[in-house]
Structure formats: C-alpha cells, structure tokens
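The data block below is coords_22.pdb; it holds PDB, N, CA and C atoms, pLDDT in the B column.
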```
ATOM      1  N   MET Z 256      60.401 115.153 155.962  1.00 48.00           N
ATOM      2  CA  MET Z 256      61.846 115.291 155.948  1.00 48.00           C
ATOM      3  C   MET Z 256      62.474 113.899 155.936  1.00 48.00           C
ATOM      4  N   GLN Z 257      63.534 113.776 155.194  1.00 53.00           N
ATOM      5  CA  GLN Z 257      64.206 112.486 155.112  1.00 53.00           C
ATOM      6  C   GLN Z 257      64.898 112.185 156.438  1.00 53.00           C
ATOM      7  N   PRO Z 258      64.809 110.947 156.922  1.00 55.00           N
ATOM      8  CA  PRO Z 258      65.342 110.606 158.248  1.00 55.00           C
ATOM      9  C   PRO Z 258      66.823 110.915 158.428  1.00 55.00           C
ATOM     10  N   TYR Z 259      67.627 110.732 157.391  1.00 55.00           N
ATOM     11  CA  TYR Z 259      69.061 110.956 157.566  1.00 55.00           C
ATOM     12  C   TYR Z 259      69.391 112.439 157.720  1.00 55.00           C
ATOM     13  N   LEU Z 260      68.486 113.339 157.324  1.00 58.00           N
ATOM     14  CA  LEU Z 260      68.706 114.765 157.514  1.00 58.00           C
ATOM     15  C   LEU Z 260      68.064 115.275 158.804  1.00 58.00           C
ATOM     16  N   LYS Z 261      67.137 114.536 159.338  1.00 61.00           N
ATOM     17  CA  LYS Z 261      66.355 114.976 160.482  1.00 61.00           C
ATOM     18  C   LYS Z 261      67.225 115.304 161.691  1.00 61.00           C
ATOM     19  N   HIS Z 262      68.259 114.524 161.926  1.00 62.00           N
ATOM     20  CA  HIS Z 262      69.087 114.722 163.113  1.00 62.00           C
ATOM     21  C   HIS Z 262      70.431 115.368 162.788  1.00 62.00           C
ATOM     22  N   GLN Z 263      70.605 115.812 161.568  1.00 60.00           N
ATOM     23  CA  GLN Z 263      71.865 116.438 161.178  1.00 60.00           C
ATOM     24  C   GLN Z 263      71.947 117.837 161.771  1.00 60.00           C
ATOM     25  N   LYS Z 264      73.111 118.226 162.229  1.00 64.00           N
ATOM     26  CA  LYS Z 264      73.292 119.537 162.841  1.00 64.00           C
ATOM     27  C   LYS Z 264      73.334 120.630 161.775  1.00 64.00           C
ATOM     28  N   ILE Z 265      72.923 121.798 162.167  1.00 66.00           N
ATOM     29  CA  ILE Z 265      72.945 122.979 161.320  1.00 66.00           C
ATOM     30  C   ILE Z 265      74.280 123.678 161.563  1.00 66.00           C
ATOM     31  N   PRO Z 266      74.951 124.276 160.624  1.00 66.00           N
ATOM     32  CA  PRO Z 266      74.499 124.483 159.256  1.00 66.00           C
ATOM     33  C   PRO Z 266      74.737 123.257 158.379  1.00 66.00           C
ATOM     34  N   LEU Z 267      73.843 123.062 157.482  1.00 64.00           N
ATOM     35  CA  LEU Z 267      73.952 121.989 156.504  1.00 64.00           C
ATOM     36  C   LEU Z 267      74.713 122.540 155.309  1.00 64.00           C
ATOM     37  N   LEU Z 268      75.838 121.956 155.001  1.00 66.00           N
ATOM     38  CA  LEU Z 268      76.639 122.425 153.871  1.00 66.00           C
ATOM     39  C   LEU Z 268      76.053 121.898 152.576  1.00 66.00           C
ATOM     40  N   ILE Z 269      75.986 122.763 151.580  1.00 67.00           N
ATOM     41  CA  ILE Z 269      75.494 122.358 150.268  1.00 67.00           C
ATOM     42  C   ILE Z 269      76.658 122.362 149.293  1.00 67.00           C
ATOM     43  N   PRO Z 270      76.587 121.538 148.268  1.00 68.00           N
ATOM     44  CA  PRO Z 270      77.673 121.502 147.283  1.00 68.00           C
ATOM     45  C   PRO Z 270      77.815 122.846 146.568  1.00 68.00           C
ATOM     46  N   SER Z 271      78.951 123.079 145.998  1.00 66.00           N
ATOM     47  CA  SER Z 271      79.177 124.325 145.255  1.00 66.00           C
ATOM     48  C   SER Z 271      78.174 124.475 144.135  1.00 66.00           C
ATOM     49  N   ALA Z 272      77.823 125.697 143.873  1.00 66.00           N
ATOM     50  CA  ALA Z 272      76.892 126.005 142.795  1.00 66.00           C
ATOM     51  C   ALA Z 272      77.583 126.946 141.817  1.00 66.00           C
ATOM     52  N   GLY Z 273      76.984 127.134 140.663  1.00 68.00           N
ATOM     53  CA  GLY Z 273      77.574 127.991 139.640  1.00 68.00           C
ATOM     54  C   GLY Z 273      77.814 129.411 140.106  1.00 68.00           C
ATOM     55  N   PHE Z 274      76.851 129.985 140.854  1.00 66.00           N
ATOM     56  CA  PHE Z 274      77.028 131.356 141.319  1.00 66.00           C
ATOM     57  C   PHE Z 274      78.203 131.457 142.288  1.00 66.00           C
ATOM     58  N   ASP Z 275      78.433 130.413 143.063  1.00 69.00           N
ATOM     59  CA  ASP Z 275      79.535 130.408 144.010  1.00 69.00           C
ATOM     60  C   ASP Z 275      80.865 130.453 143.281  1.00 69.00           C
ATOM     61  N   ALA Z 276      80.970 129.747 142.178  1.00 71.00           N
ATOM     62  CA  ALA Z 276      82.210 129.735 141.405  1.00 71.00           C
ATOM     63  C   ALA Z 276      82.537 131.144 140.904  1.00 71.00           C
ATOM     64  N   LYS Z 277      81.521 131.866 140.422  1.00 66.00           N
ATOM     65  CA  LYS Z 277      81.763 133.232 139.936  1.00 66.00           C
ATOM     66  C   LYS Z 277      82.139 134.164 141.073  1.00 66.00           C
ATOM     67  N   LEU Z 278      81.469 134.048 142.218  1.00 67.00           N
ATOM     68  CA  LEU Z 278      81.760 134.931 143.336  1.00 67.00           C
ATOM     69  C   LEU Z 278      83.115 134.652 143.956  1.00 67.00           C
ATOM     70  N   SER Z 279      83.616 133.442 143.791  1.00 74.00           N
ATOM     71  CA  SER Z 279      84.911 133.080 144.368  1.00 74.00           C
ATOM     72  C   SER Z 279      86.082 133.657 143.591  1.00 74.00           C
ATOM     73  N   ILE Z 280      85.860 134.072 142.363  1.00 75.00           N
ATOM     74  CA  ILE Z 280      86.915 134.659 141.532  1.00 75.00           C
ATOM     75  C   ILE Z 280      86.865 136.168 141.744  1.00 75.00           C
ATOM     76  N   THR Z 281      87.566 136.650 142.760  1.00 79.00           N
ATOM     77  CA  THR Z 281      87.436 138.048 143.159  1.00 79.00           C
ATOM     78  C   THR Z 281      87.912 139.038 142.102  1.00 79.00           C
ATOM     79  N   ASP Z 282      88.905 138.684 141.310  1.00 82.00           N
ATOM     80  CA  ASP Z 282      89.382 139.646 140.313  1.00 82.00           C
ATOM     81  C   ASP Z 282      88.355 139.882 139.202  1.00 82.00           C
ATOM     82  N   LYS Z 283      87.415 138.992 139.015  1.00 81.00           N
ATOM     83  CA  LYS Z 283      86.370 139.158 138.004  1.00 81.00           C
ATOM     84  C   LYS Z 283      85.023 139.543 138.622  1.00 81.00           C
ATOM     85  N   ASN Z 284      84.961 139.647 139.958  1.00 80.00           N
ATOM     86  CA  ASN Z 284      83.697 139.909 140.631  1.00 80.00           C
ATOM     87  C   ASN Z 284      83.046 141.205 140.163  1.00 80.00           C
ATOM     88  N   VAL Z 285      83.816 142.278 140.035  1.00 84.00           N
ATOM     89  CA  VAL Z 285      83.269 143.565 139.595  1.00 84.00           C
ATOM     90  C   VAL Z 285      82.724 143.439 138.178  1.00 84.00           C
ATOM     91  N   ASP Z 286      83.470 142.784 137.297  1.00 87.00           N
ATOM     92  CA  ASP Z 286      83.013 142.600 135.915  1.00 87.00           C
ATOM     93  C   ASP Z 286      81.721 141.792 135.862  1.00 87.00           C
ATOM     94  N   HIS Z 287      81.645 140.713 136.626  1.00 82.00           N
ATOM     95  CA  HIS Z 287      80.446 139.875 136.639  1.00 82.00           C
ATOM     96  C   HIS Z 287      79.253 140.636 137.207  1.00 82.00           C
ATOM     97  N   THR Z 288      79.483 141.428 138.259  1.00 85.00           N
ATOM     98  CA  THR Z 288      78.406 142.208 138.858  1.00 85.00           C
ATOM     99  C   THR Z 288      77.884 143.242 137.875  1.00 85.00           C
ATOM    100  N   GLN Z 289      78.773 143.951 137.212  1.00 89.00           N
ATOM    101  CA  GLN Z 289      78.357 144.954 136.231  1.00 89.00           C
ATOM    102  C   GLN Z 289      77.596 144.313 135.075  1.00 89.00           C
ATOM    103  N   ALA Z 290      78.030 143.164 134.609  1.00 88.00           N
ATOM    104  CA  ALA Z 290      77.340 142.466 133.524  1.00 88.00           C
ATOM    105  C   ALA Z 290      75.953 142.013 133.969  1.00 88.00           C
ATOM    106  N   PHE Z 291      75.837 141.520 135.200  1.00 87.00           N
ATOM    107  CA  PHE Z 291      74.545 141.084 135.729  1.00 87.00           C
ATOM    108  C   PHE Z 291      73.576 142.260 135.799  1.00 87.00           C
ATOM    109  N   ILE Z 292      74.023 143.375 136.350  1.00 89.00           N
ATOM    110  CA  ILE Z 292      73.146 144.535 136.499  1.00 89.00           C
ATOM    111  C   ILE Z 292      72.770 145.116 135.146  1.00 89.00           C
ATOM    112  N   SER Z 293      73.719 145.211 134.226  1.00 91.00           N
ATOM    113  CA  SER Z 293      73.418 145.798 132.917  1.00 91.00           C
ATOM    114  C   SER Z 293      72.534 144.893 132.063  1.00 91.00           C
ATOM    115  N   SER Z 294      72.429 143.605 132.418  1.00 89.00           N
ATOM    116  CA  SER Z 294      71.567 142.694 131.659  1.00 89.00           C
ATOM    117  C   SER Z 294      70.089 142.882 132.009  1.00 89.00           C
ATOM    118  N   GLY Z 295      69.832 143.650 133.059  1.00 91.00           N
ATOM    119  CA  GLY Z 295      68.460 143.922 133.465  1.00 91.00           C
ATOM    120  C   GLY Z 295      68.121 143.227 134.762  1.00 91.00           C
ATOM    121  N   VAL Z 296      67.777 144.019 135.773  1.00 91.00           N
ATOM    122  CA  VAL Z 296      67.423 143.468 137.077  1.00 91.00           C
ATOM    123  C   VAL Z 296      66.151 144.137 137.582  1.00 91.00           C
ATOM    124  N   LYS Z 297      65.538 143.505 138.566  1.00 92.00           N
ATOM    125  CA  LYS Z 297      64.356 144.067 139.212  1.00 92.00           C
ATOM    126  C   LYS Z 297      64.441 143.772 140.703  1.00 92.00           C
ATOM    127  N   ASP Z 298      63.719 144.562 141.487  1.00 91.00           N
ATOM    128  CA  ASP Z 298      63.692 144.327 142.932  1.00 91.00           C
ATOM    129  C   ASP Z 298      63.097 142.960 143.213  1.00 91.00           C
ATOM    130  N   PHE Z 299      63.605 142.311 144.237  1.00 89.00           N
ATOM    131  CA  PHE Z 299      63.108 141.002 144.640  1.00 89.00           C
ATOM    132  C   PHE Z 299      62.681 141.090 146.096  1.00 89.00           C
ATOM    133  N   SER Z 300      61.488 140.634 146.379  1.00 88.00           N
ATOM    134  CA  SER Z 300      60.966 140.666 147.734  1.00 88.00           C
ATOM    135  C   SER Z 300      60.682 139.249 148.199  1.00 88.00           C
ATOM    136  N   LEU Z 301      61.153 138.932 149.377  1.00 85.00           N
ATOM    137  CA  LEU Z 301      60.918 137.633 149.972  1.00 85.00           C
ATOM    138  C   LEU Z 301      60.145 137.872 151.264  1.00 85.00           C
ATOM    139  N   PRO Z 302      58.866 137.475 151.314  1.00 89.00           N
ATOM    140  CA  PRO Z 302      58.052 137.738 152.497  1.00 89.00           C
ATOM    141  C   PRO Z 302      58.720 137.243 153.783  1.00 89.00           C
ATOM    142  N   GLY Z 303      58.780 138.126 154.769  1.00 90.00           N
ATOM    143  CA  GLY Z 303      59.357 137.769 156.059  1.00 90.00           C
ATOM    144  C   GLY Z 303      60.855 137.984 156.161  1.00 90.00           C
ATOM    145  N   PHE Z 304      61.513 138.300 155.054  1.00 88.00           N
ATOM    146  CA  PHE Z 304      62.959 138.527 155.081  1.00 88.00           C
ATOM    147  C   PHE Z 304      63.217 140.022 155.217  1.00 88.00           C
ATOM    148  N   VAL Z 305      63.951 140.396 156.245  1.00 88.00           N
ATOM    149  CA  VAL Z 305      64.278 141.797 156.468  1.00 88.00           C
ATOM    150  C   VAL Z 305      65.676 142.049 155.921  1.00 88.00           C
ATOM    151  N   THR Z 306      65.754 142.931 154.959  1.00 88.00           N
ATOM    152  CA  THR Z 306      67.037 143.262 154.341  1.00 88.00           C
ATOM    153  C   THR Z 306      67.814 144.195 155.258  1.00 88.00           C
ATOM    154  N   PRO Z 307      69.084 143.920 155.500  1.00 88.00           N
ATOM    155  CA  PRO Z 307      69.890 144.814 156.330  1.00 88.00           C
ATOM    156  C   PRO Z 307      69.952 146.229 155.737  1.00 88.00           C
ATOM    157  N   HIS Z 308      70.122 147.207 156.604  1.00 88.00           N
ATOM    158  CA  HIS Z 308      70.189 148.612 156.205  1.00 88.00           C
ATOM    159  C   HIS Z 308      71.191 148.829 155.071  1.00 88.00           C
ATOM    160  N   ARG Z 309      70.783 149.562 154.067  1.00 89.00           N
ATOM    161  CA  ARG Z 309      71.587 149.944 152.895  1.00 89.00           C
ATOM    162  C   ARG Z 309      71.869 148.784 151.942  1.00 89.00           C
ATOM    163  N   LEU Z 310      71.223 147.658 152.124  1.00 87.00           N
ATOM    164  CA  LEU Z 310      71.365 146.535 151.200  1.00 87.00           C
ATOM    165  C   LEU Z 310      70.024 146.274 150.535  1.00 87.00           C
ATOM    166  N   PHE Z 311      70.056 145.641 149.378  1.00 85.00           N
ATOM    167  CA  PHE Z 311      68.825 145.287 148.689  1.00 85.00           C
ATOM    168  C   PHE Z 311      69.034 143.987 147.940  1.00 85.00           C
ATOM    169  N   VAL Z 312      67.935 143.353 147.592  1.00 87.00           N
ATOM    170  CA  VAL Z 312      67.990 142.084 146.864  1.00 87.00           C
ATOM    171  C   VAL Z 312      67.384 142.322 145.494  1.00 87.00           C
ATOM    172  N   ILE Z 313      68.067 141.857 144.466  1.00 88.00           N
ATOM    173  CA  ILE Z 313      67.578 141.997 143.092  1.00 88.00           C
ATOM    174  C   ILE Z 313      67.609 140.642 142.404  1.00 88.00           C
ATOM    175  N   SER Z 314      66.855 140.534 141.339  1.00 89.00           N
ATOM    176  CA  SER Z 314      66.877 139.309 140.534  1.00 89.00           C
ATOM    177  C   SER Z 314      66.971 139.714 139.075  1.00 89.00           C
ATOM    178  N   THR Z 315      67.344 138.778 138.261  1.00 87.00           N
ATOM    179  CA  THR Z 315      67.479 139.039 136.836  1.00 87.00           C
ATOM    180  C   THR Z 315      66.120 139.148 136.170  1.00 87.00           C
ATOM    181  N   GLU Z 316      66.045 139.937 135.130  1.00 85.00           N
ATOM    182  CA  GLU Z 316      64.832 140.031 134.335  1.00 85.00           C
ATOM    183  C   GLU Z 316      64.842 139.029 133.181  1.00 85.00           C
ATOM    184  N   ARG Z 317      65.991 138.407 132.976  1.00 77.00           N
ATOM    185  CA  ARG Z 317      66.133 137.447 131.886  1.00 77.00           C
ATOM    186  C   ARG Z 317      65.469 136.123 132.241  1.00 77.00           C
ATOM    187  N   LEU Z 318      64.914 135.487 131.262  1.00 68.00           N
ATOM    188  CA  LEU Z 318      64.359 134.150 131.446  1.00 68.00           C
ATOM    189  C   LEU Z 318      65.367 133.151 130.900  1.00 68.00           C
ATOM    190  N   HIS Z 319      65.590 132.076 131.616  1.00 57.00           N
ATOM    191  CA  HIS Z 319      66.556 131.064 131.158  1.00 57.00           C
ATOM    192  C   HIS Z 319      65.842 129.935 130.484  1.00 57.00           C
TER     193      HIS Z 319
END
```
The structure given in the file should be rewritten as structure tokens.
Amino acid sequence: MQPYLKHQKIPLLIPSAGFDAKLSITDKNVDHTQAFISSGVKDFSLPGFVTPHRLFVISTERLH
C-alpha cells in the first residue's frame, strides 16, 4: 500500500466515473436501465458478498 494512503481515513472518496454521471441524471435513469438490461445481462456473483433480500447483481454480456 502506498504510504500516503496508509493512514487516510475511510471512506476514501474516488473521482466521478462514467456510470456515476448516468445514475446522477434521474430523469434518464429509467431509460438507461432499460437499455442496459435489453442489451443483454447475466447474473454476477462476487464470492463473499451477500446480496440484500430482493436485490441482485448483474453484469453486461457485451464485450467492450
């Protein structure tokens, strides 16, 4: 671990990412979600991560 991060308090803020920009535009959120799902998705499993009741994690089937 880099020394300057070693003593930094949690949570560590990360810069904005592309997905964050889309999720921040609430009036287009439904459209973006529908487009993502209709483009093809599959279940995503992360070992050790417990998904909250009635929620699931998916990933795109598209290759970038």
(Q) With all atoms listed in the file as the counted atoms, please give the residues lying no more than 8 Å from Arg317 of chain Z, apart from itself and same-chain residues fewer than 5 positions off, as a ChimeraX atom specification. (A) /Z:294-297
Q.
So that I can see what lies close to Leu301 of chain Z, please list as number ranges by chain the residues with an atom at most 12 Å from it, counting only C-alpha atoms and leaving out residues fewer than 6 positions away in the same chain.
A. Z: 311-314
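One finds atom CA of Thr288 of chain Z at 20.2 Å from atom CA of His308 of chain Z.
The gap separating atom CA of Pro302 of chain Z from atom CA of Ala276 of chain Z is 27.8 Å, in Å to one decimal.
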Q. For the atom pair atom C of Thr315 of chain Z and atom N of Asp286 of chain Z, what is the interatomic distance in Å to one decimal place?
A. 17.8 Å
